[in-house]
$ cat upload.pdb   # PDB, C-alpha atoms
ATOM      1  CA  MET V   1      14.740   1.070  24.697
ATOM      2  CA  GLN V   2      14.604  -2.579  23.647
ATOM      3  CA  GLN V   3      12.320  -3.413  26.559
ATOM      4  CA  LEU V   4       9.725  -0.805  25.714
ATOM      5  CA  ASP V   5       6.471  -1.499  23.960
ATOM      6  CA  ASP V   6       5.847  -0.062  20.477
ATOM      7  CA  SER V   7       3.164   2.283  21.810
ATOM      8  CA  ILE V   8       5.552   3.809  24.352
ATOM      9  CA  LEU V   9       8.260   4.275  21.727
ATOM     10  CA  ILE V  10       5.721   5.994  19.477
ATOM     11  CA  GLU V  11       4.676   8.248  22.339
ATOM     12  CA  LEU V  12       8.305   9.167  23.035
ATOM     13  CA  ALA V  13       8.933   9.926  19.374
ATOM     14  CA  ILE V  14       5.852  12.147  19.169
ATOM     15  CA  GLU V  15       6.081  13.967  22.487
ATOM     16  CA  LYS V  16       9.858  14.345  22.797
ATOM     17  CA  ASN V  17      10.886  13.980  19.164
ATOM     18  CA  ASP V  18      13.011  11.103  20.480
ATOM     19  CA  GLN V  19      14.975   9.795  17.514
ATOM     20  CA  ARG V  20      16.446   6.925  19.520
ATOM     21  CA  ALA V  21      12.943   5.674  20.245
ATOM     22  CA  PHE V  22      12.089   5.874  16.586
ATOM     23  CA  GLY V  23      15.378   4.136  15.767
ATOM     24  CA  GLU V  24      14.243   1.235  17.913
ATOM     25  CA  LEU V  25      10.983   1.109  15.953
ATOM     26  CA  VAL V  26      13.018   1.044  12.741
ATOM     27  CA  ASN V  27      15.047  -1.844  14.153
ATOM     28  CA  ARG V  28      11.933  -3.803  15.000
ATOM     29  CA  HIS V  29      10.002  -3.279  11.799
ATOM     30  CA  GLN V  30      12.613  -2.944   9.087
ATOM     31  CA  SER V  31      12.900  -6.639   8.281
ATOM     32  CA  ASN V  32       9.291  -7.215   7.241
ATOM     33  CA  LEU V  33       8.998  -3.914   5.409
ATOM     34  CA  ARG V  34      12.267  -4.390   3.537
ATOM     35  CA  TYR V  35      11.210  -7.888   2.532
ATOM     36  CA  SER V  36       7.772  -6.680   1.400
ATOM     37  CA  MET V  37       9.307  -3.879  -0.617
ATOM     38  CA  ARG V  38      11.704  -6.284  -2.299
ATOM     39  CA  GLN V  39       8.738  -8.404  -3.281
ATOM     40  CA  LEU V  40       6.998  -5.353  -4.740
ATOM     41  CA  THR V  41      10.060  -4.123  -6.665
ATOM     42  CA  ASP V  42      10.976  -7.379  -8.400
ATOM     43  CA  TRP V  43      13.666  -7.925  -5.750
ATOM     44  CA  ASN V  44      15.543  -4.724  -6.545
ATOM     45  CA  GLU V  45      17.358  -4.542  -3.211
ATOM     46  CA  ALA V  46      18.789  -1.032  -3.555
ATOM     47  CA  LEU V  47      15.520   0.463  -4.731
ATOM     48  CA  ALA V  48      13.544  -1.397  -2.064
ATOM     49  CA  ASP V  49      15.840  -0.135   0.707
ATOM     50  CA  ASP V  50      15.626   3.437  -0.608
ATOM     51  CA  LEU V  51      11.847   3.253  -0.575
ATOM     52  CA  VAL V  52      11.786   1.800   2.933
ATOM     53  CA  GLN V  53      14.038   4.611   4.155
ATOM     54  CA  GLU V  54      11.674   7.140   2.600
ATOM     55  CA  ALA V  55       8.735   5.355   4.202
ATOM     56  CA  PHE V  56      10.310   5.443   7.669
ATOM     57  CA  ILE V  57      11.102   9.152   7.346
ATOM     58  CA  GLN V  58       7.549   9.832   6.195
ATOM     59  CA  ALA V  59       6.237   7.750   9.095
ATOM     60  CA  PHE V  60       8.306   9.811  11.542
ATOM     61  CA  LYS V  61       6.813  13.037  10.197
ATOM     62  CA  GLU V  62       3.272  11.657  10.293
ATOM     63  CA  LEU V  63       3.577   9.732  13.545
ATOM     64  CA  HIS V  64       0.960  11.873  15.297
ATOM     65  CA  ARG V  65      -1.615  10.643  12.793
ATOM     66  CA  PHE V  66      -1.132   7.014  13.812
ATOM     67  CA  ARG V  67      -4.236   5.697  15.557
ATOM     68  CA  LYS V  68      -3.227   3.536  18.427
ATOM     69  CA  GLN V  69      -5.958   0.938  17.912
ATOM     70  CA  ALA V  70      -4.354   0.019  14.574
ATOM     71  CA  LYS V  71      -1.272  -2.166  14.206
ATOM     72  CA  PHE V  72       1.861  -0.096  13.748
ATOM     73  CA  SER V  73       3.255  -2.580  11.220
ATOM     74  CA  SER V  74       0.087  -2.280   9.086
ATOM     75  CA  TRP V  75       0.203   1.515   9.223
ATOM     76  CA  LEU V  76       3.863   1.395   8.262
ATOM     77  CA  TYR V  77       3.115  -0.931   5.370
ATOM     78  CA  ARG V  78       0.532   1.497   4.040
ATOM     79  CA  ILE V  79       3.082   4.308   4.061
ATOM     80  CA  GLY V  80       5.597   2.017   2.383
ATOM     81  CA  TYR V  81       3.072   1.018  -0.252
ATOM     82  CA  ASN V  82       2.195   4.673  -0.953
ATOM     83  CA  THR V  83       5.896   5.482  -1.269
ATOM     84  CA  PHE V  84       6.243   2.619  -3.732
ATOM     85  CA  LEU V  85       3.201   3.847  -5.707
ATOM     86  CA  GLN V  86       4.625   7.360  -5.885
ATOM     87  CA  HIS V  87       7.850   5.920  -7.228
ATOM     88  CA  VAL V  88       5.997   3.881  -9.848
ATOM     89  CA  ARG V  89       4.049   6.924 -10.954
ATOM     90  CA  ARG V  90       7.188   9.037 -11.136
ATOM     91  CA  LYS V  91       9.263   6.565 -13.025
ATOM     92  CA  GLN V  92       6.519   4.666 -14.812
ATOM     93  CA  LEU V  93       8.350   1.617 -13.534
ATOM     94  CA  ASP V  94       7.373  -1.941 -14.514
ATOM     95  CA  THR V  95       3.697  -1.234 -14.927
ATOM     96  CA  GLU V  96       3.324  -3.698 -17.760
ATOM     97  CA  VAL V  97      -0.062  -5.239 -17.034
ATOM     98  CA  LEU V  98      -0.012  -8.782 -18.220
ATOM     99  CA  ASP V  99      -2.919 -10.159 -16.251
ATOM    100  CA  ASP V 100      -4.753 -11.278 -19.330
ATOM    101  CA  GLN V 101      -1.663 -12.578 -21.054
ATOM    102  CA  PRO V 102       0.460 -15.620 -20.281
ATOM    103  CA  LEU V 103       3.494 -14.782 -18.214
ATOM    104  CA  SER V 104       6.870 -14.973 -19.816
ATOM    105  CA  ALA V 105       9.532 -17.285 -18.479
ATOM    106  CA  PRO V 106      12.283 -15.729 -16.387
ATOM    107  CA  GLU V 107      15.675 -15.085 -17.889
ATOM    108  CA  THR V 108      17.820 -18.170 -17.942
ATOM    109  CA  SER V 109      20.642 -16.320 -16.217
ATOM    110  CA  MET V 110      18.489 -15.957 -13.129
ATOM    111  CA  GLU V 111      17.492 -19.612 -13.108
ATOM    112  CA  GLN V 112      20.957 -20.900 -13.807
ATOM    113  CA  SER V 113      23.027 -18.642 -11.630
ATOM    114  CA  SER V 114      25.013 -21.077  -9.560
ATOM    115  CA  SER V 115      26.188 -18.421  -7.122
ATOM    116  CA  GLU V 116      22.640 -17.742  -5.957
ATOM    117  CA  SER V 117      21.480 -19.787  -3.027
ATOM    118  CA  SER V 118      18.269 -21.700  -3.589
ATOM    119  CA  THR V 119      16.558 -19.712  -0.803
ATOM    120  CA  SER V 120      17.424 -16.402  -2.388
ATOM    121  CA  LEU V 121      16.320 -17.723  -5.756
ATOM    122  CA  LEU V 122      12.983 -18.764  -4.312
ATOM    123  CA  HIS V 123      12.222 -15.241  -3.064
ATOM    124  CA  LYS V 124      13.368 -13.673  -6.317
ATOM    125  CA  ARG V 125      11.207 -16.102  -8.214
ATOM    126  CA  VAL V 126       8.093 -15.070  -6.295
ATOM    127  CA  ALA V 127       9.022 -11.402  -6.721
ATOM    128  CA  ARG V 128       9.394 -11.973 -10.456
ATOM    129  CA  LEU V 129       5.953 -13.558 -10.590
ATOM    130  CA  LEU V 130       4.441 -10.639  -8.672
ATOM    131  CA  ALA V 131       6.215  -8.106 -10.884
ATOM    132  CA  LYS V 132       3.994  -9.144 -13.768
ATOM    133  CA  LEU V 133       0.953  -7.789 -11.941
ATOM    134  CA  ASP V 134       0.015  -4.140 -11.689
ATOM    135  CA  PRO V 135       1.261  -2.499  -8.454
ATOM    136  CA  GLU V 136      -2.051  -2.520  -6.566
ATOM    137  CA  ARG V 137      -2.755  -6.173  -7.360
ATOM    138  CA  ARG V 138       0.843  -7.032  -6.517
ATOM    139  CA  SER V 139       0.485  -5.518  -3.068
ATOM    140  CA  VAL V 140      -2.877  -7.176  -2.408
ATOM    141  CA  LEU V 141      -1.482 -10.581  -3.390
ATOM    142  CA  HIS V 142       1.592 -10.072  -1.234
ATOM    143  CA  LEU V 143      -0.505  -9.130   1.794
ATOM    144  CA  PHE V 144      -2.918 -12.000   1.229
ATOM    145  CA  LEU V 145      -0.633 -14.840   0.216
ATOM    146  CA  HIS V 146       2.531 -13.969   2.091
ATOM    147  CA  ARG V 147       1.459 -11.907   5.089
ATOM    148  CA  GLN V 148      -1.804 -13.859   5.346
ATOM    149  CA  HIS V 149      -3.972 -10.848   6.126
ATOM    150  CA  THR V 150      -7.722 -11.207   5.716
ATOM    151  CA  GLN V 151      -9.437  -9.483   2.813
ATOM    152  CA  GLN V 152     -10.961  -6.922   5.184
ATOM    153  CA  GLU V 153      -7.569  -6.194   6.738
ATOM    154  CA  ILE V 154      -6.070  -5.665   3.278
ATOM    155  CA  SER V 155      -8.922  -3.327   2.419
ATOM    156  CA  ASP V 156      -8.221  -1.335   5.577
ATOM    157  CA  ILE V 157      -4.451  -1.283   5.173
ATOM    158  CA  MET V 158      -4.461  -0.236   1.524
ATOM    159  CA  GLY V 159      -7.601   1.902   1.597
ATOM    160  CA  VAL V 160      -9.080  -0.113  -1.272
ATOM    161  CA  PRO V 161     -12.745  -1.262  -1.384
ATOM    162  CA  LEU V 162     -13.321  -4.856  -0.250
ATOM    163  CA  GLY V 163     -14.781  -5.829  -3.639
ATOM    164  CA  THR V 164     -11.642  -4.614  -5.393
ATOM    165  CA  VAL V 165      -9.492  -6.641  -2.999
ATOM    166  CA  LYS V 166     -11.512  -9.782  -3.813
ATOM    167  CA  THR V 167     -11.167  -9.169  -7.539
ATOM    168  CA  HIS V 168      -7.422  -8.649  -7.200
ATOM    169  CA  ILE V 169      -7.065 -11.876  -5.238
ATOM    170  CA  ASN V 170      -9.085 -13.993  -7.686
ATOM    171  CA  ARG V 171      -7.502 -12.638 -10.850
ATOM    172  CA  GLY V 172      -4.053 -12.287  -9.306
ATOM    173  CA  ARG V 173      -3.984 -15.895  -8.111
ATOM    174  CA  GLN V 174      -4.966 -17.037 -11.560
ATOM    175  CA  SER V 175      -2.197 -14.959 -13.142
ATOM    176  CA  LEU V 176       0.397 -16.264 -10.698
ATOM    177  CA  GLN V 177      -0.682 -19.846 -11.326
ATOM    178  CA  GLU V 178      -0.437 -19.323 -15.078
ATOM    179  CA  GLY V 179       2.990 -17.834 -14.539
ATOM    180  CA  LEU V 180       4.117 -20.906 -12.623
ATOM    181  CA  VAL V 181       2.853 -23.204 -15.371
ATOM    182  CA  ALA V 182       4.587 -21.095 -18.016
ATOM    183  CA  TRP V 183       7.887 -21.455 -16.165
ATOM    184  CA  GLN V 184       7.630 -25.206 -16.021
ATOM    185  CA  GLU V 185       7.097 -25.516 -19.751
TER
ATOM    186  CA  MET I   1      -4.135 -51.825  -8.025
ATOM    187  CA  ASN I   2      -5.121 -48.736  -9.955
ATOM    188  CA  GLU I   3      -2.906 -46.485  -7.889
ATOM    189  CA  LYS I   4      -1.174 -43.963 -10.071
ATOM    190  CA  LYS I   5       2.555 -44.005  -9.484
ATOM    191  CA  ILE I   6       4.427 -40.809 -10.142
ATOM    192  CA  THR I   7       8.133 -40.374 -10.537
ATOM    193  CA  ALA I   8      10.217 -38.179  -8.257
ATOM    194  CA  SER I   9      10.707 -35.593 -10.984
ATOM    195  CA  GLU I  10       6.969 -35.489 -11.650
ATOM    196  CA  PHE I  11       6.365 -35.028  -7.915
ATOM    197  CA  GLU I  12       8.820 -32.115  -7.883
ATOM    198  CA  ARG I  13       7.137 -30.618 -10.913
ATOM    199  CA  GLN I  14       3.699 -30.807  -9.317
ATOM    200  CA  ARG I  15       5.010 -29.303  -6.116
ATOM    201  CA  ALA I  16       6.564 -26.428  -8.036
ATOM    202  CA  LEU I  17       3.249 -25.801  -9.755
ATOM    203  CA  ASN I  18       1.443 -25.501  -6.459
ATOM    204  CA  LEU I  19       1.193 -21.800  -5.735
ATOM    205  CA  ASP I  20       0.222 -22.262  -2.101
ATOM    206  CA  ALA I  21       3.166 -24.578  -1.485
ATOM    207  CA  LEU I  22       5.529 -22.076  -3.073
ATOM    208  CA  LEU I  23       4.174 -19.227  -0.969
ATOM    209  CA  GLU I  24       4.283 -21.375   2.162
ATOM    210  CA  GLN I  25       7.934 -22.020   1.437
ATOM    211  CA  THR I  26       8.693 -18.287   1.109
ATOM    212  CA  ARG I  27       6.902 -17.573   4.374
ATOM    213  CA  VAL I  28       8.885 -20.183   6.254
ATOM    214  CA  MET I  29      12.159 -19.141   4.651
ATOM    215  CA  GLN I  30      11.699 -15.372   4.782
ATOM    216  CA  PRO I  31      15.135 -13.857   5.487
ATOM    217  CA  THR I  32      15.645 -11.577   8.469
ATOM    218  CA  LEU I  33      16.701  -8.241   7.058
ATOM    219  CA  ILE I  34      17.959  -6.364  10.097
ATOM    220  CA  ASP I  35      20.941  -4.122   9.614
ATOM    221  CA  ASP I  36      22.256  -1.587  12.148
ATOM    222  CA  ASN I  37      23.675   0.483   9.339
ATOM    223  CA  PHE I  38      20.244   0.736   7.753
ATOM    224  CA  THR I  39      18.808   2.020  11.036
ATOM    225  CA  LYS I  40      21.631   4.562  11.348
ATOM    226  CA  VAL I  41      21.008   5.863   7.837
ATOM    227  CA  VAL I  42      17.299   6.315   8.593
ATOM    228  CA  VAL I  43      17.902   8.006  11.952
ATOM    229  CA  ASN I  44      20.505  10.341  10.430
ATOM    230  CA  ARG I  45      18.008  11.407   7.789
ATOM    231  CA  LEU I  46      15.213  12.160  10.259
ATOM    232  CA  PRO I  47      14.269  15.846  10.402
ATOM    233  CA  VAL I  48      15.346  17.534  13.641
ATOM    234  CA  ASN I  49      12.289  19.748  13.951
ATOM    235  CA  VAL I  50       8.979  18.209  13.047
ATOM    236  CA  LYS I  51       5.808  20.252  13.277
ATOM    237  CA  ARG I  52       3.092  17.968  14.511
ATOM    238  CA  GLY I  53       0.195  20.380  14.782
ATOM    239  CA  LYS I  54      -2.717  17.983  14.768
ATOM    240  CA  ALA I  55      -4.059  18.852  18.205
ATOM    241  CA  SER I  56      -3.787  22.621  17.778
ATOM    242  CA  SER I  57      -5.240  22.621  14.255
ATOM    243  CA  THR I  58      -8.124  20.396  15.360
ATOM    244  CA  MET I  59      -8.879  22.789  18.201
ATOM    245  CA  PHE I  60      -8.717  25.708  15.783
ATOM    246  CA  ASP I  61     -11.164  23.969  13.407
ATOM    247  CA  PHE I  62     -13.497  23.215  16.302
ATOM    248  CA  VAL I  63     -13.561  26.810  17.567
ATOM    249  CA  GLY I  64     -14.178  28.033  14.014
ATOM    250  CA  LEU I  65     -17.054  25.601  13.631
ATOM    251  CA  ILE I  66     -18.697  26.766  16.875
ATOM    252  CA  LEU I  67     -18.311  30.440  15.917
ATOM    253  CA  GLY I  68     -19.767  29.724  12.488
ATOM    254  CA  LEU I  69     -22.770  27.917  13.956
ATOM    255  CA  VAL I  70     -23.449  30.742  16.443
ATOM    256  CA  ALA I  71     -23.210  33.361  13.683
ATOM    257  CA  ALA I  72     -25.526  31.338  11.446
ATOM    258  CA  PHE I  73     -28.052  30.957  14.262
ATOM    259  CA  LEU I  74     -28.059  34.707  15.053
ATOM    260  CA  PHE I  75     -27.921  36.266  11.606
ATOM    261  CA  PHE I  76     -29.132  33.734   9.083
ATOM    262  CA  ASP I  77     -32.761  33.871   7.969
ATOM    263  CA  SER I  78     -33.274  30.232   7.101
ATOM    264  CA  ALA I  79     -36.947  30.606   6.065
ATOM    265  CA  ALA I  80     -36.091  33.273   3.481
ATOM    266  CA  PHE I  81     -33.168  31.177   2.236
ATOM    267  CA  ILE I  82     -35.405  28.175   1.633
ATOM    268  CA  GLN I  83     -37.976  30.362  -0.135
ATOM    269  CA  ASN I  84     -35.280  31.825  -2.373
ATOM    270  CA  ALA I  85     -33.858  28.403  -3.110
ATOM    271  CA  ILE I  86     -37.286  27.086  -4.111
ATOM    272  CA  SER I  87     -37.947  30.104  -6.331
ATOM    273  CA  ILE I  88     -34.735  29.423  -8.269
ATOM    274  CA  ILE I  89     -36.010  25.996  -9.383
ATOM    275  CA  PRO I  90     -37.596  26.475 -12.824
ATOM    276  CA  ALA I  91     -41.195  25.325 -13.369
ATOM    277  CA  SER I  92     -40.267  23.724 -16.654
ATOM    278  CA  LEU I  93     -36.953  22.775 -18.213
ATOM    279  CA  THR I  94     -36.027  22.664 -21.898
ATOM    280  CA  LEU I  95     -32.849  20.758 -22.657
ATOM    281  CA  THR I  96     -30.659  22.367 -25.278
ATOM    282  CA  ILE I  97     -27.268  21.350 -26.613
ATOM    283  CA  ALA I  98     -25.738  24.151 -24.545
ATOM    284  CA  ASN I  99     -27.438  22.853 -21.352
ATOM    285  CA  ILE I 100     -26.200  19.333 -21.964
ATOM    286  CA  THR I 101     -22.670  20.539 -22.730
ATOM    287  CA  VAL I 102     -22.571  22.564 -19.527
ATOM    288  CA  ALA I 103     -23.954  19.620 -17.518
ATOM    289  CA  ILE I 104     -21.406  17.166 -18.961
ATOM    290  CA  THR I 105     -18.544  19.615 -18.382
ATOM    291  CA  ALA I 106     -19.653  20.158 -14.799
ATOM    292  CA  LEU I 107     -19.917  16.404 -14.267
ATOM    293  CA  PHE I 108     -16.378  15.842 -15.553
ATOM    294  CA  ALA I 109     -15.090  18.706 -13.432
ATOM    295  CA  PHE I 110     -16.662  17.222 -10.283
ATOM    296  CA  ALA I 111     -15.382  13.730 -11.124
ATOM    297  CA  TRP I 112     -11.879  15.068 -11.692
ATOM    298  CA  ALA I 113     -12.021  17.079  -8.468
ATOM    299  CA  GLY I 114     -13.161  13.969  -6.579
ATOM    300  CA  TRP I 115     -10.358  11.887  -8.056
ATOM    301  CA  TRP I 116      -7.777  14.581  -7.290
ATOM    302  CA  THR I 117      -8.977  14.897  -3.697
ATOM    303  CA  ALA I 118      -8.821  11.125  -3.224
ATOM    304  CA  GLU I 119      -5.293  10.980  -4.652
ATOM    305  CA  LYS I 120      -4.165  13.750  -2.317
ATOM    306  CA  ALA I 121      -5.763  12.009   0.655
ATOM    307  CA  ILE I 122      -3.974   8.723  -0.096
ATOM    308  CA  ASN I 123      -0.600  10.388  -0.377
TER
END

$ encode --input "upload.pdb" --output "structure tokens"
Amino acid sequence: MQQLDDSILIELAIEKNDQRAFGELVNRHQSNLRYSMRQLTDWNEALADDLVQEAFIQAFKELHRFRKQAKFSSWLYRIGYNTFLQHVRRKQLDTEVLDDQPLSAPETSMEQSSSESSTSLLHKRVARLLAKLDPERRSVLHLFLHRQHTQQEISDIMGVPLGTVKTHINRGRQSLQEGLVAWQE
Amino acid sequence: MNEKKITASEFERQRALNLDALLEQTRVMQPTLIDDNFTKVVVNRLPVNVKRGKASSTMFDFVGLILGLVAAFLFFDSAAFIQNAISIIPASLTLTIANITVAITALFAFAWAGWWTAEKAIN
């Protein structure tokens, strides 16, 4: 299974309902999706993993809709993002939109926790910055700044108009920069 | 001679303020989150029987479309339809409060229906 290309694994999962083939796809793609989801959920590891599991199950059910000219990881991200959005809508989770307000400093406990490694703290710090943005802008910024997708790719992945993506990037960058400055003060 | 000297702490501060540098650091240091147990949990939760009816439903839609077109061609009097449609258009129109209310309500209904359809399509 490990030798097979993604497209063959997808074919096996669709045609033969091969769960081992899909398991291999989960193995290959879980790391990026779990990291992305942690960034979107303010580094809530348990919640992020739950959402990624939901996303993979949804992907398995909808696998026949995957167009082979697209990147599987991008398609998967879109499902993950939609799962995250559904969760936000259900729970009305962290939708405080502070784009036009200065960002608050993080809790001191997070900054001062000596047990946290500096690497882990770095990722949590970025997630905390992103958490201050509304979910759509958060996802656009993550795809643009971290995954380094082009604006057109982000538009395609998220199904958002290109103009909206550009607005999110400009305003989101500004908000993140203000957040960084606020933390230093 | 006019070179501005900055202290190490100031350098660190400036680096921390640089968004691109911070993001670059997270990219380079992104953890690998691969866990066999996670994969097992996902695979165990996968449905055993999945109905993937895209091909059959597409074929069904296509046959329906062809049948509809043939029926329309054989039985539909397009000239009379156009005449009727034109005759419905009023020669003059007087706007009343009731007309405007109906128009605004219809507009909102269409906008809401469009939004609802888009939401359903995304999910």

$ resolve_selection --input "upload.pdb" --expression "the ChimeraX specification (/I :<7) & /V" --output "list in words"
Gln19, Gly23, Val26, Asn27, Gln30, Ser31, Arg34, Gln53, Ile57, Lys61, His64, Asn82, Leu122, His123, Leu145, His146, Gln177, Leu180 and Val181 of chain V

$ closest_residue --input "upload.pdb" --among "V:Phe22, V:Tyr77, V:Trp183, V:Phe144" --to "V:Leu63" --atoms "only C-alpha atoms"
V:Phe22

$ resolve_selection --input "upload.pdb" --expression "the PyMOL selection byres ((chain V and resi 9-11) around 9)" --output "JSON, numbers by chain"
{"V": [1, 4, 5, 6, 7, 8, 12, 13, 14, 15, 16, 18, 20, 21, 22, 24, 25, 63, 64, 66]}

$ atom_distance --input "upload.pdb" --atom1 "atom CA of V:Arg89" --atom2 "atom CA of V:Glu136"
12.1 Å

$ axis_aligned_box --input "upload.pdb" --around "stretch 138-144 of chain V" --padding-each-side "8 Å" --output "AutoDock Vina command-line options"
--center_x -0.7 --center_y -8.8 --center_z -2.4 --size_x 20.5 --size_y 22.5 --size_z 24.3

$ atom_distance --input "upload.pdb" --atom1 "atom CA of V:Trp43" --atom2 "atom CA of V:Val126"
9.1 Å

$ residues_around --input "upload.pdb" --residues "V:Thr150" --least-positions-apart "4" --cutoff "12 Å" --atoms "all atoms listed in the file" --output "PDB file with C-alpha atoms, keeping the file's coordinate frame"
ATOM      1  CA  VAL V 140      -2.877  -7.176  -2.408  1.00  0.00           C
ATOM      2  CA  LEU V 141      -1.482 -10.581  -3.390  1.00  0.00           C
ATOM      3  CA  HIS V 142       1.592 -10.072  -1.234  1.00  0.00           C
ATOM      4  CA  LEU V 143      -0.505  -9.130   1.794  1.00  0.00           C
ATOM      5  CA  PHE V 144      -2.918 -12.000   1.229  1.00  0.00           C
ATOM      6  CA  LEU V 145      -0.633 -14.840   0.216  1.00  0.00           C
ATOM      7  CA  HIS V 146       2.531 -13.969   2.091  1.00  0.00           C
ATOM      8  CA  ILE V 154      -6.070  -5.665   3.278  1.00  0.00           C
ATOM      9  CA  SER V 155      -8.922  -3.327   2.419  1.00  0.00           C
ATOM     10  CA  ASP V 156      -8.221  -1.335   5.577  1.00  0.00           C
ATOM     11  CA  ILE V 157      -4.451  -1.283   5.173  1.00  0.00           C
ATOM     12  CA  LEU V 162     -13.321  -4.856  -0.250  1.00  0.00           C
ATOM     13  CA  VAL V 165      -9.492  -6.641  -2.999  1.00  0.00           C
ATOM     14  CA  LYS V 166     -11.512  -9.782  -3.813  1.00  0.00           C
ATOM     15  CA  ILE V 169      -7.065 -11.876  -5.238  1.00  0.00           C
TER      16      ILE V 169
END

$ build_atoms --input "upload.pdb" --residues "stretch 58-72 of chain I" --atoms "N, CA and C atoms" --output "PDB file, in the frame of the given file"
ATOM      1  N   THR I  58      -6.789  20.943  15.107  1.00  0.00           N
ATOM      2  CA  THR I  58      -8.124  20.396  15.360  1.00  0.00           C
ATOM      3  C   THR I  58      -8.911  21.337  16.274  1.00  0.00           C
ATOM      4  N   MET I  59      -8.230  21.855  17.287  1.00  0.00           N
ATOM      5  CA  MET I  59      -8.879  22.789  18.201  1.00  0.00           C
ATOM      6  C   MET I  59      -9.304  24.053  17.455  1.00  0.00           C
ATOM      7  N   PHE I  60      -8.445  24.535  16.572  1.00  0.00           N
ATOM      8  CA  PHE I  60      -8.717  25.708  15.783  1.00  0.00           C
ATOM      9  C   PHE I  60      -9.962  25.487  14.909  1.00  0.00           C
ATOM     10  N   ASP I  61     -10.012  24.323  14.257  1.00  0.00           N
ATOM     11  CA  ASP I  61     -11.164  23.969  13.407  1.00  0.00           C
ATOM     12  C   ASP I  61     -12.446  23.941  14.243  1.00  0.00           C
ATOM     13  N   PHE I  62     -12.334  23.376  15.441  1.00  0.00           N
ATOM     14  CA  PHE I  62     -13.497  23.215  16.302  1.00  0.00           C
ATOM     15  C   PHE I  62     -14.045  24.574  16.739  1.00  0.00           C
ATOM     16  N   VAL I  63     -13.137  25.466  17.146  1.00  0.00           N
ATOM     17  CA  VAL I  63     -13.561  26.810  17.567  1.00  0.00           C
ATOM     18  C   VAL I  63     -14.208  27.540  16.396  1.00  0.00           C
ATOM     19  N   GLY I  64     -13.623  27.418  15.211  1.00  0.00           N
ATOM     20  CA  GLY I  64     -14.178  28.033  14.014  1.00  0.00           C
ATOM     21  C   GLY I  64     -15.575  27.519  13.713  1.00  0.00           C
ATOM     22  N   LEU I  65     -15.744  26.217  13.885  1.00  0.00           N
ATOM     23  CA  LEU I  65     -17.054  25.601  13.631  1.00  0.00           C
ATOM     24  C   LEU I  65     -18.112  26.163  14.585  1.00  0.00           C
ATOM     25  N   ILE I  66     -17.755  26.249  15.867  1.00  0.00           N
ATOM     26  CA  ILE I  66     -18.697  26.766  16.875  1.00  0.00           C
ATOM     27  C   ILE I  66     -19.069  28.211  16.555  1.00  0.00           C
ATOM     28  N   LEU I  67     -18.058  29.027  16.246  1.00  0.00           N
ATOM     29  CA  LEU I  67     -18.311  30.440  15.917  1.00  0.00           C
ATOM     30  C   LEU I  67     -19.219  30.556  14.699  1.00  0.00           C
ATOM     31  N   GLY I  68     -18.966  29.716  13.705  1.00  0.00           N
ATOM     32  CA  GLY I  68     -19.767  29.724  12.488  1.00  0.00           C
ATOM     33  C   GLY I  68     -21.215  29.365  12.777  1.00  0.00           C
ATOM     34  N   LEU I  69     -21.407  28.349  13.610  1.00  0.00           N
ATOM     35  CA  LEU I  69     -22.770  27.917  13.956  1.00  0.00           C
ATOM     36  C   LEU I  69     -23.527  29.014  14.721  1.00  0.00           C
ATOM     37  N   VAL I  70     -22.821  29.667  15.669  1.00  0.00           N
ATOM     38  CA  VAL I  70     -23.449  30.742  16.443  1.00  0.00           C
ATOM     39  C   VAL I  70     -23.845  31.894  15.521  1.00  0.00           C
ATOM     40  N   ALA I  71     -22.932  32.266  14.623  1.00  0.00           N
ATOM     41  CA  ALA I  71     -23.210  33.361  13.683  1.00  0.00           C
ATOM     42  C   ALA I  71     -24.403  33.006  12.798  1.00  0.00           C
ATOM     43  N   ALA I  72     -24.427  31.774  12.318  1.00  0.00           N
ATOM     44  CA  ALA I  72     -25.526  31.338  11.446  1.00  0.00           C
ATOM     45  C   ALA I  72     -26.855  31.404  12.195  1.00  0.00           C
TER      46      ALA I  72
END
